[in-house]
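Scroll down for the structure; my scribbles are underneath it.
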Amino acid sequence: MQKQPAIITQGLTRCFDEITAVDHLDLEIYPGEVLGFIGHNGAGKTTTVRLLNGVLTPTSGKAQVLGLDPSVDGALLRQRTGVLTETPSVDERLTGYENLSIFGALYNVPAADLDRRVADLLELFQLSERAGDRVSEYSKGMKQKLALARAMIHQPELLFLDEPTSGLDPVITRQVHTLIQDLSKNGDHTVFLCTHNLAEAQRLCDRVAVLENGKMVALGSPAALAQELWKGVHLEFETAYDALPGALRTLETLPDVYDVIQGEGQPVISLSLTYREQVPGMVARLVEAGVPLYRLTPKDPTLEDIYFALHENKPEVNR
Ligand SMILES: Nc1ncnc2c1ncn2[C@@H]1O[C@H](COP(=O)(O)OP(=O)(O)O)[C@@H](O)[C@H]1O
Ligand SMILES: [Mg+2]
């Protein structure tokens with residue numbers, strides 16, 4: 001039996017004066033799903049999160065989150081959701097431990113469980129050693145991890161993460177990614193992840209919704225969107241070292257070929273073509289030029305390819 005969606009929006013719209021920040025959004029998100037909400041700055045991601053948490057009321061349309069109407073039952077709902085806002089503020093004067101304990105008590109974590117839960121989260125986020133230090137002495141990455149731990153202290157069924165890795169270094173970013181992956185693996189956590197980092201969405205999300213000027217312009221798994229929107233091909237071929245210069249010269253004469261990159265440490269070249277149909281012609285030209293082909297491997301399109309196809313930044317792409 002299909003589970004009841006964790007989030008349903010119908011025609012959800014929010015205007016600020018003449019700006020329509022969220023424009024007739026229709027969306028269903030299922031329990032256990034990690035949904036990526038992607039779009040450039042100002043697309044309406046944060047406004048959507050605020051609508052779904054009852055911090056803002058819609059201009060028109062409606063939302064149902066965990067069976068509740070956020071604009072009516074916002075306080076009740078927020079007991080069951082965790083939110084990492086775009087610019088989270090943890091209390092700098094308190095220690096990491098105190099921040100989590102106070103927030104947990106505020107969110108009705110039973111006193112008998114609270115200490116254990118705080119300790120577990122500090123451990124998980126590798127903050128245990130610094131738990132007794134004031135947050136003002138933490139690095140930006142540590143503050144962000146503490147904010148994420150705080151959003152999870154009451155074990156919310158639904159977690160909203162608004163740009164969770166923005167401004168973090170690659171090491172901490174990877175830790176946060178692993179945490180999000182673990183969350184979704186461990187059962188019924190639903191994650192609504194706003195990001196403008198396409199690689200992040202590709203890595204973490206079951207489905208992505210692409211938002212542009214408040215409107216959802218695409219929705220689906222990265223693979224499904226690729227099939228629908230991306231007509232190009234990335235591929236890689238292996239040749240011989242002494243054939244590399246000839247191969248590169250030949251590729252230069254082919255107008256359909258772009259992003260030609262020579263691999264390091266191997267006689268391998270990767271490239272992109274606008275259409276799949278251009279592959280046989282390219283292979284024929286390489287063979288005519290005496291380039292031996294030992295292996296030809298397609299590479300999956302990235303979410304970035306899909307995004308650009310969608311935004312027509314590549315005029316050659318057939319839509
Ligand atoms: N409180 C507000 N008052 C006026 N305009 C707002 C407000 N919040 C957001 N906006 C506008 O709504 C649009 C969407 O913003 P936002 O939801 O923050 O986008 P994103 O999170 O995708 O970057 C932007 O044009 C922004 O300037
Ligand atoms: Mg935002």
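Naming scheme: A, B, ... for chains in displayed order of the structure tokens; residues 1 onward per chain; ligands 1 onward as shown.
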
Distance query range 246-260 of chain A at most 9 Å, only C-alpha atoms, self and fewer than 4 positions along chain excluded, as a PyMOL selection string: chain A and resi 239+242+269-275+278+282+285-286+289-291

Taking only C-alpha atoms and all ligand atoms and a cut-off of 10 Å, can you tell me which residues surround ligand 1, written as a PyMOL selection string? chain A and resi 14-22+37-51+56+86+162-163+194-196+211-214

Residues within 9 Å of range 216-219 of chain A, only C-alpha atoms, excluding chain neighbours under 4 positions, as a PyMOL selection string: chain A and resi 22-27+207-212+224-225+310

Dump N, CA and C atoms for the selected residues as a PDB file, in the first residue's frame?
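Dumped to again-v8.pdb:
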```pdb
ATOM      1  N   VAL A  22       6.856  31.964  -4.651  1.00  0.00           N
ATOM      2  CA  VAL A  22       6.473  30.564  -4.898  1.00  0.00           C
ATOM      3  C   VAL A  22       5.178  30.609  -5.702  1.00  0.00           C
ATOM      4  N   ASP A  23       5.195  29.917  -6.846  1.00  0.00           N
ATOM      5  CA  ASP A  23       4.143  30.139  -7.837  1.00  0.00           C
ATOM      6  C   ASP A  23       3.423  28.817  -8.169  1.00  0.00           C
ATOM      7  N   HIS A  24       2.278  28.599  -7.548  1.00  0.00           N
ATOM      8  CA  HIS A  24       1.455  27.413  -7.850  1.00  0.00           C
ATOM      9  C   HIS A  24       2.252  26.110  -7.815  1.00  0.00           C
ATOM     10  N   LEU A  25       2.783  25.831  -6.658  1.00  0.00           N
ATOM     11  CA  LEU A  25       3.605  24.626  -6.491  1.00  0.00           C
ATOM     12  C   LEU A  25       2.704  23.424  -6.174  1.00  0.00           C
ATOM     13  N   ASP A  26       2.820  22.385  -7.001  1.00  0.00           N
ATOM     14  CA  ASP A  26       2.116  21.117  -6.761  1.00  0.00           C
ATOM     15  C   ASP A  26       3.160  20.033  -6.573  1.00  0.00           C
ATOM     16  N   LEU A  27       3.170  19.446  -5.388  1.00  0.00           N
ATOM     17  CA  LEU A  27       4.261  18.535  -5.069  1.00  0.00           C
ATOM     18  C   LEU A  27       3.775  17.501  -4.059  1.00  0.00           C
ATOM     19  N   ARG A 207      14.760  12.026  -5.566  1.00  0.00           N
ATOM     20  CA  ARG A 207      14.161  12.816  -6.650  1.00  0.00           C
ATOM     21  C   ARG A 207      14.602  14.264  -6.470  1.00  0.00           C
ATOM     22  N   VAL A 208      14.559  14.999  -7.553  1.00  0.00           N
ATOM     23  CA  VAL A 208      14.826  16.425  -7.454  1.00  0.00           C
ATOM     24  C   VAL A 208      13.680  17.199  -8.097  1.00  0.00           C
ATOM     25  N   ALA A 209      13.375  18.332  -7.494  1.00  0.00           N
ATOM     26  CA  ALA A 209      12.435  19.273  -8.081  1.00  0.00           C
ATOM     27  C   ALA A 209      13.262  20.491  -8.467  1.00  0.00           C
ATOM     28  N   VAL A 210      13.119  20.918  -9.703  1.00  0.00           N
ATOM     29  CA  VAL A 210      13.872  22.086 -10.154  1.00  0.00           C
ATOM     30  C   VAL A 210      12.942  23.294 -10.123  1.00  0.00           C
ATOM     31  N   LEU A 211      13.380  24.305  -9.396  1.00  0.00           N
ATOM     32  CA  LEU A 211      12.553  25.496  -9.201  1.00  0.00           C
ATOM     33  C   LEU A 211      13.181  26.660  -9.950  1.00  0.00           C
ATOM     34  N   GLU A 212      12.334  27.412 -10.626  1.00  0.00           N
ATOM     35  CA  GLU A 212      12.832  28.581 -11.363  1.00  0.00           C
ATOM     36  C   GLU A 212      11.796  29.687 -11.217  1.00  0.00           C
ATOM     37  N   ALA A 224      15.680   9.698 -14.398  1.00  0.00           N
ATOM     38  CA  ALA A 224      14.479   9.909 -15.214  1.00  0.00           C
ATOM     39  C   ALA A 224      14.536  11.264 -15.914  1.00  0.00           C
ATOM     40  N   LEU A 225      15.007  12.270 -15.189  1.00  0.00           N
ATOM     41  CA  LEU A 225      15.110  13.602 -15.801  1.00  0.00           C
ATOM     42  C   LEU A 225      16.116  13.584 -16.936  1.00  0.00           C
ATOM     43  N   LEU A 310      17.772  22.080 -19.257  1.00  0.00           N
ATOM     44  CA  LEU A 310      16.495  22.662 -18.854  1.00  0.00           C
ATOM     45  C   LEU A 310      16.498  24.180 -19.000  1.00  0.00           C
TER      46      LEU A 310
END
```

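Atom pair CA of Arg117 in chain A / CA of Gly104 in chain A has a distance of 8.8 Å (rounded to one decimal).
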
Selection near range 147-161 of chain A, 7 Å with only C-alpha atoms, sequence-local residues under 6 positions removed, as an mmCIF file with N, CA and C atoms, in the first residue's frame:
```
data_model
loop_
_atom_site.group_PDB
_atom_site.id
_atom_site.type_symbol
_atom_site.label_atom_id
_atom_site.label_comp_id
_atom_site.auth_asym_id
_atom_site.auth_seq_id
_atom_site.Cartn_x
_atom_site.Cartn_y
_atom_site.Cartn_z
ATOM 1 N N ARG A 80 7.311 18.194 15.251
ATOM 2 C CA ARG A 80 7.578 16.927 14.538
ATOM 3 C C ARG A 80 8.523 17.098 13.355
ATOM 4 N N THR A 81 8.897 18.345 13.076
ATOM 5 C CA THR A 81 9.844 18.568 11.979
ATOM 6 C C THR A 81 11.131 19.155 12.549
ATOM 7 N N GLY A 82 12.212 18.941 11.839
ATOM 8 C CA GLY A 82 13.463 19.586 12.200
ATOM 9 C C GLY A 82 13.821 20.521 11.069
ATOM 10 N N VAL A 83 14.312 21.701 11.416
ATOM 11 C CA VAL A 83 14.631 22.663 10.369
ATOM 12 C C VAL A 83 16.043 23.198 10.560
ATOM 13 N N LEU A 84 16.828 23.049 9.540
ATOM 14 C CA LEU A 84 18.116 23.733 9.517
ATOM 15 C C LEU A 84 17.921 24.918 8.589
ATOM 16 N N THR A 85 17.855 26.105 9.175
ATOM 17 C CA THR A 85 17.563 27.275 8.345
ATOM 18 C C THR A 85 18.812 27.673 7.566
ATOM 19 N N PRO A 88 21.644 29.372 10.173
ATOM 20 C CA PRO A 88 21.264 28.933 11.516
ATOM 21 C C PRO A 88 22.025 29.715 12.577
ATOM 22 N N VAL A 90 23.133 29.284 16.389
ATOM 23 C CA VAL A 90 23.197 28.574 17.662
ATOM 24 C C VAL A 90 23.673 29.602 18.677
ATOM 25 N N LEU A 100 22.333 21.876 22.743
ATOM 26 C CA LEU A 100 21.509 20.713 22.408
ATOM 27 C C LEU A 100 20.531 20.371 23.535
ATOM 28 N N PHE A 103 17.626 22.965 23.692
ATOM 29 C CA PHE A 103 16.741 22.809 22.549
ATOM 30 C C PHE A 103 15.913 21.526 22.687
ATOM 31 N N GLY A 104 16.564 20.468 23.158
ATOM 32 C CA GLY A 104 15.863 19.193 23.348
ATOM 33 C C GLY A 104 14.739 19.334 24.361
ATOM 34 N N TYR A 107 11.900 21.102 22.924
ATOM 35 C CA TYR A 107 11.156 20.269 21.986
ATOM 36 C C TYR A 107 10.657 18.981 22.632
ATOM 37 N N VAL A 109 11.833 16.569 24.463
ATOM 38 C CA VAL A 109 12.507 15.273 24.551
ATOM 39 C C VAL A 109 12.431 14.857 26.024
ATOM 40 N N LEU A 121 24.341 12.414 19.632
ATOM 41 C CA LEU A 121 24.449 13.350 18.510
ATOM 42 C C LEU A 121 25.828 14.010 18.470
ATOM 43 N N ASP A 188 12.487 5.782 8.064
ATOM 44 C CA ASP A 188 11.394 6.623 7.623
ATOM 45 C C ASP A 188 11.655 8.120 7.633
ATOM 46 N N HIS A 189 12.910 8.524 7.790
ATOM 47 C CA HIS A 189 13.162 9.955 7.768
ATOM 48 C C HIS A 189 12.942 10.523 6.376
ATOM 49 N N THR A 190 12.178 11.571 6.312
ATOM 50 C CA THR A 190 11.989 12.262 5.047
ATOM 51 C C THR A 190 12.859 13.515 5.090
ATOM 52 N N VAL A 191 13.567 13.770 4.024
ATOM 53 C CA VAL A 191 14.450 14.940 4.019
ATOM 54 C C VAL A 191 14.098 15.833 2.836
ATOM 55 N N PHE A 192 13.866 17.095 3.154
ATOM 56 C CA PHE A 192 13.603 18.108 2.134
ATOM 57 C C PHE A 192 14.865 18.963 2.083
ATOM 58 N N LEU A 193 15.631 18.775 1.018
ATOM 59 C CA LEU A 193 16.971 19.363 0.952
ATOM 60 C C LEU A 193 17.022 20.469 -0.101
ATOM 61 N N CYS A 194 17.154 21.703 0.361
ATOM 62 C CA CYS A 194 17.308 22.804 -0.595
ATOM 63 C C CYS A 194 18.784 22.972 -0.896
#
```

Using only C-alpha atoms, determine which residues lie at most 6 Å from Pro267 in chain A, disregarding the query and same-chain residues fewer than 6 positions distant; provide the list as JSON, numbers by chain. {"A": [238, 239, 240, 241]}

Taking into account only C-alpha atoms, which residue in the set A:Leu183, A:Gln79, A:Tyr97, A:Ala284 is nearest to Glu123 in chain A? A:Tyr97

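All residues of protein, DNA or RNA that reach within 10 Å of range 140-143 of chain A, judged by only C-alpha atoms and not counting those fewer than 3 positions away in the chain, are Pro88, Ser89, Val90, Asp91, Glu92, Gly96, Phe125, Gln126, Leu127, Arg130, Val135, Ser136, Glu137, Leu146, Ala147, Leu148, Ala149, Thr165, Ser166, Gly167, Leu168, Asp169, Val171, Ile172, Thr173 and Val176 of chain A.
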
Write the residues you've just listed into a file as a compact mmCIF listing (two decimals), in the first residue's frame, and include C-alpha atoms for each of them.
```txt
# COMPACT_ATOMS: atom_id res chain seq x y z
CA PRO A 88 21.26 28.93 11.52
CA SER A 89 22.06 30.66 14.76
CA VAL A 90 23.20 28.57 17.66
CA ASP A 91 23.68 30.37 20.94
CA GLU A 92 27.31 31.45 20.93
CA GLY A 96 27.61 22.80 22.37
CA PHE A 125 28.86 14.82 14.60
CA GLN A 126 32.33 14.38 16.06
CA LEU A 127 31.81 17.21 18.51
CA ARG A 130 34.46 20.16 22.24
CA VAL A 135 30.16 27.84 20.65
CA SER A 136 31.84 31.21 20.08
CA GLU A 137 35.08 29.20 19.97
CA LEU A 146 25.85 21.65 15.82
CA ALA A 147 22.91 23.35 14.11
CA LEU A 148 22.19 20.17 12.20
CA ALA A 149 22.41 18.13 15.41
CA THR A 165 26.73 22.65 3.26
CA SER A 166 26.92 26.17 1.93
CA GLY A 167 30.26 27.69 2.92
CA LEU A 168 31.64 24.49 4.43
CA ASP A 169 34.99 23.00 3.50
CA VAL A 171 35.87 17.56 4.53
CA ILE A 172 32.95 18.78 6.62
CA THR A 173 30.72 18.77 3.54
CA VAL A 176 27.35 16.19 6.43
```

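The residue that comes closest to ligand 2, out of A:Thr87, A:Lys3, A:Val268, A:Ser128 and on the basis of only C-alpha atoms and all ligand atoms, is A:Thr87.
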
Would you return as a ChimeraX atom specification the members of range 29-182 of chain A that DSSP assigns to helix (DSSP H, G or I) on this structure's backbone? /A:45-52,70-78,96-106,111-124,128-130,135-137,140-151,170-182

Between A:Leu179, A:Pro164, A:Ala226, A:Gly232, which residue has the minimum interatomic distance to ligand 2, considering only C-alpha atoms and all ligand atoms?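 Smallest distance to ligand 2 is found for A:Pro164.
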
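Relative to CA of Asp206 in chain A, CA of Gly220 in chain A is found at 8.2 Å.
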
Compile the contact shell of range 60-63 of chain A as a PyMOL selection string: residues with an atom at most 9 Å away, counting only C-alpha atoms, same-chain residues fewer than 4 positions apart removed. chain A and resi 7-15+24-25+51-52+68-71

Can you list, as a VMD selection string, every residue of range 229-319 of chain A that DSSP puts in strand (DSSP E or B)? chain A and resid 233 to 238 257 to 262 268 to 273 295 to 299
